[in-house]
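J.: As input, take model_0.cif (mmCIF, C-alpha atoms):
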```
data_final
loop_
_atom_site.group_PDB
_atom_site.id
_atom_site.type_symbol
_atom_site.label_atom_id
_atom_site.label_comp_id
_atom_site.auth_asym_id
_atom_site.auth_seq_id
_atom_site.Cartn_x
_atom_site.Cartn_y
_atom_site.Cartn_z
ATOM 1 C CA MET A 1 -36.340 8.667 25.688
ATOM 2 C CA SER A 2 -33.103 9.807 24.044
ATOM 3 C CA GLU A 3 -33.100 10.753 20.403
ATOM 4 C CA MET A 4 -31.446 8.292 18.003
ATOM 5 C CA PRO A 5 -28.324 9.637 16.293
ATOM 6 C CA LYS A 6 -28.828 10.733 12.710
ATOM 7 C CA SER A 7 -28.296 7.812 10.375
ATOM 8 C CA MET A 8 -25.275 7.884 8.131
ATOM 9 C CA SER A 9 -25.681 8.020 4.390
ATOM 10 C CA CYS A 10 -24.846 5.154 2.064
ATOM 11 C CA ALA A 11 -21.779 7.035 0.853
ATOM 12 C CA GLU A 12 -20.578 7.517 4.424
ATOM 13 C CA PHE A 13 -21.127 3.868 5.264
ATOM 14 C CA GLN A 14 -19.475 2.623 2.088
ATOM 15 C CA ALA A 15 -16.485 4.844 2.727
ATOM 16 C CA GLN A 16 -16.096 3.040 6.049
ATOM 17 C CA MET A 17 -16.633 -0.436 4.632
ATOM 18 C CA PRO A 18 -12.982 -1.392 3.986
ATOM 19 C CA GLU A 19 -12.013 -0.587 7.545
ATOM 20 C CA LEU A 20 -15.183 -2.071 9.006
ATOM 21 C CA ILE A 21 -14.873 -5.365 7.137
ATOM 22 C CA GLY A 22 -11.103 -5.514 7.558
ATOM 23 C CA SER A 23 -11.340 -4.973 11.296
ATOM 24 C CA GLY A 24 -13.152 -8.255 11.731
ATOM 25 C CA ALA A 25 -16.332 -6.595 12.946
ATOM 26 C CA SER A 26 -19.611 -7.972 11.699
ATOM 27 C CA ALA A 27 -20.555 -5.464 9.038
ATOM 28 C CA ALA A 28 -23.947 -7.139 8.724
ATOM 29 C CA GLU A 29 -24.819 -5.902 12.198
ATOM 30 C CA HIS A 30 -23.869 -2.309 11.525
ATOM 31 C CA PRO A 31 -26.856 -0.011 12.214
ATOM 32 C CA HIS A 32 -26.750 1.375 8.683
ATOM 33 C CA VAL A 33 -26.835 -2.104 7.148
ATOM 34 C CA LEU A 34 -29.746 -3.084 9.327
ATOM 35 C CA GLU A 35 -31.809 -0.208 7.999
ATOM 36 C CA CYS A 36 -30.503 0.082 4.409
ATOM 37 C CA ALA A 37 -31.512 -2.591 1.917
ATOM 38 C CA LEU A 38 -29.089 -1.314 -0.729
ATOM 39 C CA CYS A 39 -26.007 -1.519 1.454
ATOM 40 C CA ARG A 40 -27.209 -4.841 2.844
ATOM 41 C CA GLU A 41 -27.371 -6.144 -0.716
ATOM 42 C CA LEU A 42 -23.938 -4.746 -1.487
ATOM 43 C CA LEU A 43 -22.515 -6.535 1.524
ATOM 44 C CA GLN A 44 -24.245 -9.777 0.592
ATOM 45 C CA ASN A 45 -23.002 -9.474 -2.983
ATOM 46 C CA LEU A 46 -19.416 -9.032 -1.832
ATOM 47 C CA GLU A 47 -19.699 -12.000 0.509
ATOM 48 C CA THR A 48 -21.156 -14.162 -2.231
ATOM 49 C CA ILE A 49 -18.414 -13.152 -4.643
ATOM 50 C CA ALA A 50 -15.668 -13.866 -2.101
ATOM 51 C CA GLU A 51 -17.126 -17.287 -1.378
ATOM 52 C CA ALA A 52 -17.584 -18.110 -5.060
ATOM 53 C CA ALA A 53 -14.013 -17.045 -5.763
ATOM 54 C CA ARG A 54 -12.727 -19.528 -3.199
ATOM 55 C CA GLN A 55 -14.393 -22.286 -5.164
ATOM 56 C CA LEU A 56 -12.705 -21.367 -8.430
ATOM 57 C CA PHE A 57 -9.290 -22.730 -7.702
ATOM 58 C CA PRO A 58 -9.131 -26.491 -7.239
ATOM 59 C CA GLU A 59 -5.737 -28.085 -6.791
ATOM 60 C CA VAL A 60 -4.183 -29.409 -9.951
ATOM 61 C CA GLU A 61 -1.344 -31.774 -10.621
ATOM 62 C CA PRO A 62 1.879 -30.191 -11.883
ATOM 63 C CA PRO A 63 3.446 -31.481 -15.107
ATOM 64 C CA ASP A 64 5.423 -34.704 -14.654
ATOM 65 C CA GLU A 65 8.620 -33.076 -15.838
ATOM 66 C CA LEU A 66 8.590 -30.545 -13.005
ATOM 67 C CA TRP A 67 10.507 -32.858 -10.671
ATOM 68 C CA ASP A 68 13.153 -33.495 -13.325
ATOM 69 C CA GLN A 69 13.600 -29.751 -13.691
ATOM 70 C CA ILE A 70 13.842 -29.301 -9.944
ATOM 71 C CA GLU A 71 16.402 -32.082 -9.614
ATOM 72 C CA LEU A 72 18.441 -30.502 -12.371
ATOM 73 C CA ALA A 73 18.245 -27.098 -10.698
ATOM 74 C CA ILE A 74 19.289 -28.617 -7.367
ATOM 75 C CA MET A 75 22.257 -30.386 -8.934
ATOM 76 C CA LYS A 76 23.360 -27.153 -10.598
ATOM 77 C CA ASP A 77 22.902 -25.330 -7.322
ATOM 78 C CA GLU A 78 24.925 -27.874 -5.390
ATOM 79 C CA GLY A 79 27.576 -27.909 -8.088
ATOM 80 C CA ALA A 80 27.859 -24.153 -7.921
ATOM 81 C CA ASN A 81 28.177 -24.304 -4.155
ATOM 82 C CA GLY A 82 30.544 -27.280 -4.159
ATOM 83 C CA ASP A 83 28.156 -29.252 -1.968
ATOM 84 C CA VAL A 84 28.271 -33.007 -1.785
ATOM 85 C CA PRO A 85 24.671 -34.183 -1.594
ATOM 86 C CA GLU A 86 23.846 -36.997 0.777
ATOM 87 C CA GLY A 87 21.691 -39.974 -0.077
ATOM 88 C CA ARG A 88 22.500 -39.790 -3.752
ATOM 89 C CA GLY A 89 24.782 -41.713 -6.035
ATOM 90 C CA MET B 1 -12.084 -26.158 9.710
ATOM 91 C CA PRO B 2 -12.134 -27.308 6.101
ATOM 92 C CA VAL B 3 -9.447 -25.915 3.875
ATOM 93 C CA LYS B 4 -10.718 -23.356 1.422
ATOM 94 C CA GLY B 5 -8.676 -22.168 -1.487
ATOM 95 C CA LEU B 6 -6.310 -25.080 -1.167
ATOM 96 C CA GLY B 7 -8.446 -28.127 -1.722
ATOM 97 C CA GLY B 8 -11.275 -27.825 -4.195
ATOM 98 C CA GLU B 9 -13.282 -30.701 -2.795
ATOM 99 C CA GLU B 10 -13.691 -28.942 0.504
ATOM 100 C CA PHE B 11 -14.784 -25.593 -0.822
ATOM 101 C CA GLY B 12 -18.002 -24.033 0.247
ATOM 102 C CA ALA B 13 -18.364 -25.965 3.464
ATOM 103 C CA GLU B 14 -18.703 -22.802 5.501
ATOM 104 C CA PRO B 15 -20.991 -19.818 5.337
ATOM 105 C CA ALA B 16 -19.807 -16.913 3.272
ATOM 106 C CA THR B 17 -18.101 -14.160 5.212
ATOM 107 C CA LEU B 18 -15.800 -11.345 4.253
ATOM 108 C CA ASN B 19 -13.630 -11.438 7.317
ATOM 109 C CA GLY B 20 -14.148 -14.787 8.936
ATOM 110 C CA GLY B 21 -14.499 -18.456 8.193
ATOM 111 C CA ARG B 22 -11.256 -18.456 6.288
ATOM 112 C CA PRO B 23 -8.082 -20.351 6.968
ATOM 113 C CA THR B 24 -5.402 -18.082 8.310
ATOM 114 C CA ALA B 25 -1.840 -18.281 7.217
ATOM 115 C CA THR B 26 -0.757 -19.231 10.703
ATOM 116 C CA GLN B 27 -2.981 -22.212 11.206
ATOM 117 C CA PRO B 28 -1.364 -25.551 11.906
ATOM 118 C CA ASP B 29 -0.783 -28.286 9.337
ATOM 119 C CA THR B 30 -3.925 -30.132 10.160
ATOM 120 C CA ASP B 31 -5.942 -27.113 9.073
ATOM 121 C CA ARG B 32 -3.789 -25.893 6.270
ATOM 122 C CA ASP B 33 -2.940 -29.125 4.534
ATOM 123 C CA THR B 34 -5.037 -31.189 2.292
ATOM 124 C CA LYS B 35 -5.294 -34.826 3.266
ATOM 125 C CA GLY B 36 -2.095 -36.756 3.511
ATOM 126 C CA THR B 37 0.384 -33.926 3.063
ATOM 127 C CA THR B 38 1.631 -33.595 6.607
ATOM 128 C CA VAL B 39 5.356 -33.999 6.700
ATOM 129 C CA SER B 40 6.478 -36.247 9.542
ATOM 130 C CA ALA B 41 9.256 -35.124 11.853
ATOM 131 C CA ALA B 42 11.382 -38.070 10.785
ATOM 132 C CA LEU B 43 10.991 -37.246 7.111
ATOM 133 C CA LEU B 44 11.789 -33.625 7.786
ATOM 134 C CA ASP B 45 14.873 -34.576 9.798
ATOM 135 C CA ARG B 46 16.136 -36.688 6.915
ATOM 136 C CA ALA B 47 15.508 -33.939 4.377
ATOM 137 C CA GLN B 48 17.204 -31.385 6.600
ATOM 138 C CA ALA B 49 20.210 -33.699 6.823
ATOM 139 C CA GLY B 50 20.470 -33.654 3.038
ATOM 140 C CA ASP B 51 18.724 -36.925 2.189
ATOM 141 C CA HIS B 52 17.684 -36.482 -1.422
ATOM 142 C CA GLY B 53 15.081 -39.240 -1.226
ATOM 143 C CA ALA B 54 13.422 -37.532 1.722
ATOM 144 C CA PHE B 55 13.344 -34.261 -0.179
ATOM 145 C CA ALA B 56 11.785 -36.043 -3.140
ATOM 146 C CA GLU B 57 9.141 -37.410 -0.792
ATOM 147 C CA ILE B 58 8.401 -33.932 0.524
ATOM 148 C CA TYR B 59 8.114 -32.754 -3.048
ATOM 149 C CA SER B 60 5.590 -35.500 -3.784
ATOM 150 C CA LEU B 61 3.549 -34.537 -0.745
ATOM 151 C CA HIS B 62 3.454 -30.841 -1.580
ATOM 152 C CA LYS B 63 3.772 -30.572 -5.344
ATOM 153 C CA ARG B 64 0.045 -30.181 -6.003
ATOM 154 C CA ARG B 65 -0.402 -27.565 -3.348
ATOM 155 C CA ILE B 66 2.624 -25.512 -4.349
ATOM 156 C CA TYR B 67 2.049 -25.718 -8.077
ATOM 157 C CA SER B 68 -1.614 -24.851 -7.608
ATOM 158 C CA LEU B 69 -0.703 -21.921 -5.403
ATOM 159 C CA CYS B 70 1.655 -20.595 -8.080
ATOM 160 C CA LEU B 71 -0.967 -21.135 -10.752
ATOM 161 C CA ARG B 72 -3.573 -19.242 -8.734
ATOM 162 C CA MET B 73 -1.209 -16.362 -8.220
ATOM 163 C CA VAL B 74 -0.092 -15.913 -11.827
ATOM 164 C CA SER B 75 -2.810 -17.621 -13.925
ATOM 165 C CA ASN B 76 -0.226 -18.942 -16.340
ATOM 166 C CA PRO B 77 0.739 -22.642 -16.357
ATOM 167 C CA ALA B 78 4.234 -22.141 -17.761
ATOM 168 C CA GLU B 79 5.022 -19.385 -15.309
ATOM 169 C CA ALA B 80 3.485 -21.375 -12.473
ATOM 170 C CA GLU B 81 5.748 -24.297 -13.341
ATOM 171 C CA ASP B 82 8.747 -22.026 -13.292
ATOM 172 C CA LEU B 83 7.713 -20.525 -9.969
ATOM 173 C CA ALA B 84 7.064 -23.927 -8.418
ATOM 174 C CA GLN B 85 10.526 -25.017 -9.523
ATOM 175 C CA GLU B 86 12.025 -21.926 -7.920
ATOM 176 C CA ALA B 87 10.016 -22.494 -4.750
ATOM 177 C CA PHE B 88 11.272 -26.051 -4.359
ATOM 178 C CA LEU B 89 14.806 -24.947 -5.143
ATOM 179 C CA GLN B 90 14.504 -22.330 -2.413
ATOM 180 C CA LEU B 91 13.060 -24.994 -0.140
ATOM 181 C CA HIS B 92 16.072 -27.206 -0.813
ATOM 182 C CA ARG B 93 18.382 -24.347 0.046
ATOM 183 C CA LYS B 94 16.546 -23.348 3.183
ATOM 184 C CA ILE B 95 15.012 -26.507 4.572
ATOM 185 C CA ALA B 96 17.837 -26.916 7.073
ATOM 186 C CA THR B 97 16.875 -23.554 8.567
ATOM 187 C CA PHE B 98 13.295 -24.633 9.305
ATOM 188 C CA ARG B 99 13.000 -24.681 13.071
ATOM 189 C CA GLY B 100 9.361 -25.550 13.485
ATOM 190 C CA GLU B 101 8.154 -22.211 14.795
ATOM 191 C CA SER B 102 5.230 -22.607 12.414
ATOM 192 C CA ALA B 103 3.811 -25.653 10.677
ATOM 193 C CA PHE B 104 6.014 -26.846 7.842
ATOM 194 C CA SER B 105 3.252 -26.433 5.276
ATOM 195 C CA THR B 106 2.611 -22.877 6.474
ATOM 196 C CA TRP B 107 6.320 -22.119 6.205
ATOM 197 C CA LEU B 108 6.481 -23.606 2.715
ATOM 198 C CA HIS B 109 3.354 -21.717 1.671
ATOM 199 C CA ARG B 110 4.898 -18.437 2.796
ATOM 200 C CA LEU B 111 8.221 -19.291 1.144
ATOM 201 C CA THR B 112 6.349 -19.870 -2.105
ATOM 202 C CA ILE B 113 4.394 -16.644 -1.762
ATOM 203 C CA ASN B 114 7.702 -14.836 -1.309
ATOM 204 C CA VAL B 115 9.046 -16.434 -4.487
ATOM 205 C CA VAL B 116 5.927 -15.309 -6.352
ATOM 206 C CA LEU B 117 6.147 -11.795 -4.941
ATOM 207 C CA MET B 118 9.812 -11.503 -5.905
ATOM 208 C CA ARG B 119 8.903 -12.502 -9.433
ATOM 209 C CA LEU B 120 6.042 -10.032 -9.585
ATOM 210 C CA ARG B 121 8.282 -7.245 -8.303
ATOM 211 C CA LYS B 122 10.866 -8.092 -10.948
ATOM 212 C CA LYS B 123 8.103 -7.795 -13.515
ATOM 213 C CA GLY B 124 7.422 -4.317 -12.238
ATOM 214 C CA LEU B 125 4.279 -4.823 -10.200
ATOM 215 C CA GLN B 126 3.402 -1.584 -8.533
ATOM 216 C CA LEU B 127 0.830 -1.487 -5.820
ATOM 217 C CA ILE B 128 -1.621 1.302 -6.251
ATOM 218 C CA SER B 129 -0.975 3.966 -3.684
ATOM 219 C CA LEU B 130 -3.272 4.387 -0.754
ATOM 220 C CA ASP B 131 -4.344 7.780 -2.045
ATOM 221 C CA GLU B 132 -5.261 6.367 -5.415
ATOM 222 C CA ALA B 133 -6.972 3.383 -3.876
ATOM 223 C CA MET B 134 -9.056 5.568 -1.613
ATOM 224 C CA GLU B 135 -9.983 8.060 -4.316
ATOM 225 C CA PRO B 136 -13.338 7.093 -5.795
ATOM 226 C CA THR B 137 -13.419 7.493 -9.519
ATOM 227 C CA THR B 138 -16.546 8.722 -11.215
ATOM 228 C CA GLU B 139 -17.641 5.253 -12.065
ATOM 229 C CA GLU B 140 -16.652 3.750 -8.740
ATOM 230 C CA ARG B 141 -18.227 6.300 -6.458
ATOM 231 C CA PRO B 142 -19.809 4.643 -3.445
ATOM 232 C CA GLY B 143 -23.540 4.410 -3.493
ATOM 233 C CA ARG B 144 -23.859 4.893 -7.226
ATOM 234 C CA SER B 145 -26.506 3.171 -9.242
ATOM 235 C CA PHE B 146 -27.739 0.825 -6.599
ATOM 236 C CA GLY B 147 -31.182 -0.204 -7.559
ATOM 237 C CA ALA B 148 -33.473 -2.849 -8.858
ATOM 238 C CA ASP B 149 -31.217 -3.694 -11.789
ATOM 239 C CA ASP B 150 -28.279 -4.392 -9.536
ATOM 240 C CA LEU B 151 -26.674 -7.753 -9.675
ATOM 241 C CA SER B 152 -28.529 -10.159 -7.498
ATOM 242 C CA LEU B 153 -26.145 -12.846 -6.366
ATOM 243 C CA THR B 154 -28.521 -15.030 -4.484
ATOM 244 C CA GLY B 155 -28.229 -17.662 -7.175
ATOM 245 C CA ALA B 156 -25.216 -19.237 -8.829
ATOM 246 C CA ILE B 157 -22.441 -16.997 -10.040
ATOM 247 C CA ASP B 158 -21.129 -17.529 -13.542
ATOM 248 C CA ARG B 159 -17.797 -19.120 -12.718
ATOM 249 C CA LEU B 160 -16.199 -18.240 -16.032
ATOM 250 C CA ALA B 161 -17.258 -14.618 -15.694
ATOM 251 C CA LEU B 162 -15.878 -14.482 -12.178
ATOM 252 C CA GLN B 163 -12.626 -16.119 -13.235
ATOM 253 C CA ARG B 164 -12.279 -13.615 -16.056
ATOM 254 C CA ALA B 165 -13.097 -10.739 -13.728
ATOM 255 C CA ILE B 166 -10.416 -11.852 -11.265
ATOM 256 C CA ASP B 167 -7.878 -12.220 -14.063
ATOM 257 C CA ASP B 168 -8.778 -8.744 -15.312
ATOM 258 C CA LEU B 169 -8.243 -7.045 -11.962
ATOM 259 C CA PRO B 170 -5.362 -4.570 -11.858
ATOM 260 C CA ALA B 171 -2.279 -6.427 -10.624
ATOM 261 C CA GLY B 172 -2.192 -4.830 -7.182
ATOM 262 C CA TYR B 173 -5.866 -5.448 -6.525
ATOM 263 C CA ARG B 174 -5.641 -9.007 -7.787
ATOM 264 C CA LEU B 175 -2.619 -9.749 -5.629
ATOM 265 C CA ILE B 176 -4.276 -8.559 -2.431
ATOM 266 C CA PHE B 177 -7.553 -10.260 -3.312
ATOM 267 C CA MET B 178 -5.734 -13.543 -3.856
ATOM 268 C CA LEU B 179 -3.616 -13.238 -0.731
ATOM 269 C CA HIS B 180 -6.559 -12.348 1.500
ATOM 270 C CA ASP B 181 -9.671 -13.972 0.099
ATOM 271 C CA ILE B 182 -8.134 -17.042 -1.483
ATOM 272 C CA GLU B 183 -4.927 -17.757 0.421
ATOM 273 C CA GLY B 184 -6.268 -16.643 3.778
ATOM 274 C CA TYR B 185 -3.627 -14.149 4.852
ATOM 275 C CA GLU B 186 -4.609 -11.400 7.260
ATOM 276 C CA HIS B 187 -4.195 -7.723 6.423
ATOM 277 C CA ASN B 188 -1.264 -7.298 8.794
ATOM 278 C CA GLU B 189 0.521 -10.212 7.107
ATOM 279 C CA ILE B 190 -0.189 -8.811 3.640
ATOM 280 C CA ALA B 191 1.019 -5.369 4.687
ATOM 281 C CA ASP B 192 4.214 -6.985 5.924
ATOM 282 C CA MET B 193 4.707 -8.992 2.726
ATOM 283 C CA LEU B 194 4.013 -6.103 0.401
ATOM 284 C CA ASN B 195 5.586 -3.401 2.513
ATOM 285 C CA CYS B 196 2.404 -1.353 2.491
ATOM 286 C CA SER B 197 0.101 -0.135 5.226
ATOM 287 C CA ILE B 198 -2.685 -2.245 6.671
ATOM 288 C CA GLY B 199 -5.118 0.457 5.553
ATOM 289 C CA ASN B 200 -3.827 0.151 2.011
ATOM 290 C CA SER B 201 -4.334 -3.590 2.088
ATOM 291 C CA LYS B 202 -7.897 -3.193 3.361
ATOM 292 C CA SER B 203 -8.813 -0.503 0.872
ATOM 293 C CA GLN B 204 -7.334 -2.332 -2.109
ATOM 294 C CA LEU B 205 -9.113 -5.517 -1.150
ATOM 295 C CA HIS B 206 -12.389 -3.642 -0.921
ATOM 296 C CA LYS B 207 -11.825 -1.998 -4.285
ATOM 297 C CA ALA B 208 -10.977 -5.377 -5.790
ATOM 298 C CA ARG B 209 -14.227 -6.851 -4.511
ATOM 299 C CA LEU B 210 -16.200 -3.893 -5.847
ATOM 300 C CA LYS B 211 -14.561 -4.289 -9.236
ATOM 301 C CA LEU B 212 -15.502 -7.953 -9.286
ATOM 302 C CA ARG B 213 -19.087 -7.096 -8.405
ATOM 303 C CA ASP B 214 -19.196 -4.490 -11.155
ATOM 304 C CA ALA B 215 -17.733 -6.910 -13.681
ATOM 305 C CA LEU B 216 -20.286 -9.559 -12.776
ATOM 306 C CA ARG B 217 -23.086 -7.038 -12.967
ATOM 307 C CA ASP B 218 -21.930 -5.941 -16.420
ATOM 308 C CA HIS B 219 -21.739 -9.564 -17.482
ATOM 309 C CA SER B 220 -25.213 -10.199 -16.130
ATOM 310 C CA ARG B 221 -26.603 -7.225 -18.036
ATOM 311 C CA GLU B 222 -24.944 -8.355 -21.249
ATOM 312 C CA GLU B 223 -26.387 -11.816 -20.815
ATOM 313 C CA GLY B 224 -29.804 -10.277 -20.173
ATOM 314 C CA ARG B 225 -29.717 -8.422 -23.490
ATOM 315 C CA ARG B 226 -29.090 -11.589 -25.473
#
```
Go ahead and render the structure in this file as structure tokens.
T.:
Amino acid sequence: MSEMPKSMSCAEFQAQMPELIGSGASAAEHPHVLECALCRELLQNLETIAEAARQLFPEVEPPDELWDQIELAIMKDEGANGDVPEGRG
Amino acid sequence: MPVKGLGGEEFGAEPATLNGGRPTATQPDTDRDTKGTTVSAALLDRAQAGDHGAFAEIYSLHKRRIYSLCLRMVSNPAEAEDLAQEAFLQLHRKIATFRGESAFSTWLHRLTINVVLMRLRKKGLQLISLDEAMEPTTEERPGRSFGADDLSLTGAIDRLALQRAIDDLPAGYRLIFMLHDIEGYEHNEIADMLNCSIGNSKSQLHKARLKLRDALRDHSREEGRR
């Protein structure tokens, strides 16, 4: 039976975390995570935070006057460019 | 796949992951859009031909999404309004150049992100260098102080504390966190947008998440003392 490689330390694993997570690999299945409760908790915490953050930003309605401002900006823009807008007037 | 980060009512429908289960910036309209915002080809044709009414209709379909995107990125209603105005002005200028290589909503989303990034650059946003991002400070050293008093996030997270923690992130960290975790862009896309390396994007995102965890842990401890 071959000897298992020496486990990495928490510091070594955490130094690799950005690359590991960013690569799309399942960090939860990393050998260190499987045997280390602290790093497993860290990973779970980060996942929970990311998920909670996604729930913080519901869509909201812009102010009614936004379209008026956009129309004005478009008219100025077209005036500056000498364009003749279609479908208007 | 339900939209996350774009439509509040559909949040949380998928298991939490750090690198999966998110919308990507290249997904088609049906994934990216909230209900009823798909722009028809006929409407797009009319807008591209200069029909002001068609453009107004496109505005109505996308105003919530674009304004909300701007608001998420800058956390300031007045500035978000200004950015949304600029985004739609840019859309008006460029809509004729849309060729359909990507979904219209994806194209508009990216156009808006570019408007936001231009504004942030004008305001002097500097991304933290890779060296700085990779250098653990004394208080951020990996593996420190993990123990029984660590934040346990199995229950509900204090939304206000999390919102505050996100707002308090250094600008570069916050930007990458928002682009990746909220808007769903991949690291290669973020690196392209921000003209930084993919490694920098990954490391800054990781640091941002750690800072959020630390902030929530501090908040939890403060609450525990009361």
J.: What lies within 9 Å of Arg174 (chain B) using all atoms listed in the file, ignoring chain neighbours under 4 positions off, as a list of chain:residue names?
T.: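 After dropping sequence-adjacent residues, the list is B:Met73, B:Ile166, B:Asp167, B:Asp168, B:Leu169, B:Pro170, B:Met178, B:Leu179, B:Gln204, B:Leu205, B:Ala208.
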J.: Counting only C-alpha atoms, figure out which residue out of B:Val116, B:Ile95, B:Val74, B:Leu162 gets nearest to Asp45 (chain B).
T.: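 So, comparing all the options, the nearest one is B:Ile95.
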J.: Taking the file as shown, what set of residues would the PyMOL selection byres ((chain A) within 6 of (chain B)) give back, as a PyMOL selection string?
T.: chain A and resi 10-11+14+18+22+24+45+47+51+54-55+58-62+70+86-87
J.: Once 4 Å is added on each side, what centre and edge lengths in Å to one decimal does the axis-aligned box around all listed atoms of region 199-205 of chain B have, as JSON?
T.:
```
{"center_x": -6.5, "center_y": -2.5, "center_z": 1.7, "size_x": 13.3, "size_y": 14.0, "size_z": 15.7}
```
J.: Mind giving me the straight-line distance from CA of Met118 (chain B) to CA of Thr106 (chain B) in Å, one decimal?
T.: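 Taking CA of Met118 (chain B) as the start and CA of Thr106 (chain B) as the end point, the length is 18.3 Å.
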J.: Expand the PyMOL selection byres ((chain B and resi 193) around 10) into the explicit residue set it covers here, and present it as a list in words.
T.: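 So the PyMOL selection byres ((chain B and resi 193) around 10), applied here, picks out Arg110, Ile113, Asn114, Leu117, Leu179, His187, Asn188, Glu189, Ile190, Ala191, Asp192, Leu194, Asn195 and Cys196 of chain B.
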J.: Keeping only C-alpha atoms, write the selected residues as a short mmCIF file (atom, residue, chain, number, x, y, z; two decimals), keeping the file's coordinate frame.
T.:
```
data_model
loop_
_atom_site.label_atom_id
_atom_site.label_comp_id
_atom_site.auth_asym_id
_atom_site.auth_seq_id
_atom_site.Cartn_x
_atom_site.Cartn_y
_atom_site.Cartn_z
CA ARG B 110 4.90 -18.44 2.80
CA ILE B 113 4.39 -16.64 -1.76
CA ASN B 114 7.70 -14.84 -1.31
CA LEU B 117 6.15 -11.80 -4.94
CA LEU B 179 -3.62 -13.24 -0.73
CA HIS B 187 -4.20 -7.72 6.42
CA ASN B 188 -1.26 -7.30 8.79
CA GLU B 189 0.52 -10.21 7.11
CA ILE B 190 -0.19 -8.81 3.64
CA ALA B 191 1.02 -5.37 4.69
CA ASP B 192 4.21 -6.98 5.92
CA LEU B 194 4.01 -6.10 0.40
CA ASN B 195 5.59 -3.40 2.51
CA CYS B 196 2.40 -1.35 2.49
#
```
J.: Calculate how many Å separate CA of Leu120 (chain B) from CA of Gly100 (chain B), rounding to one decimal.
T.: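 These atoms are spaced 28.0 Å apart.
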J.: Under the PyMOL selection byres ((chain A and resi 8) around 12), which residues of this model are included? Write them out as a PyMOL selection string.
T.: chain A and resi 4-7+9-16+30-36+39
J.: When you draw a straight line from CA of Ser105 (chain B) to CA of Ile58 (chain B), how long is it in Å?
T.: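 Spanning CA of Ser105 (chain B) to CA of Ile58 (chain B) is a straight-line distance of 10.3 Å.
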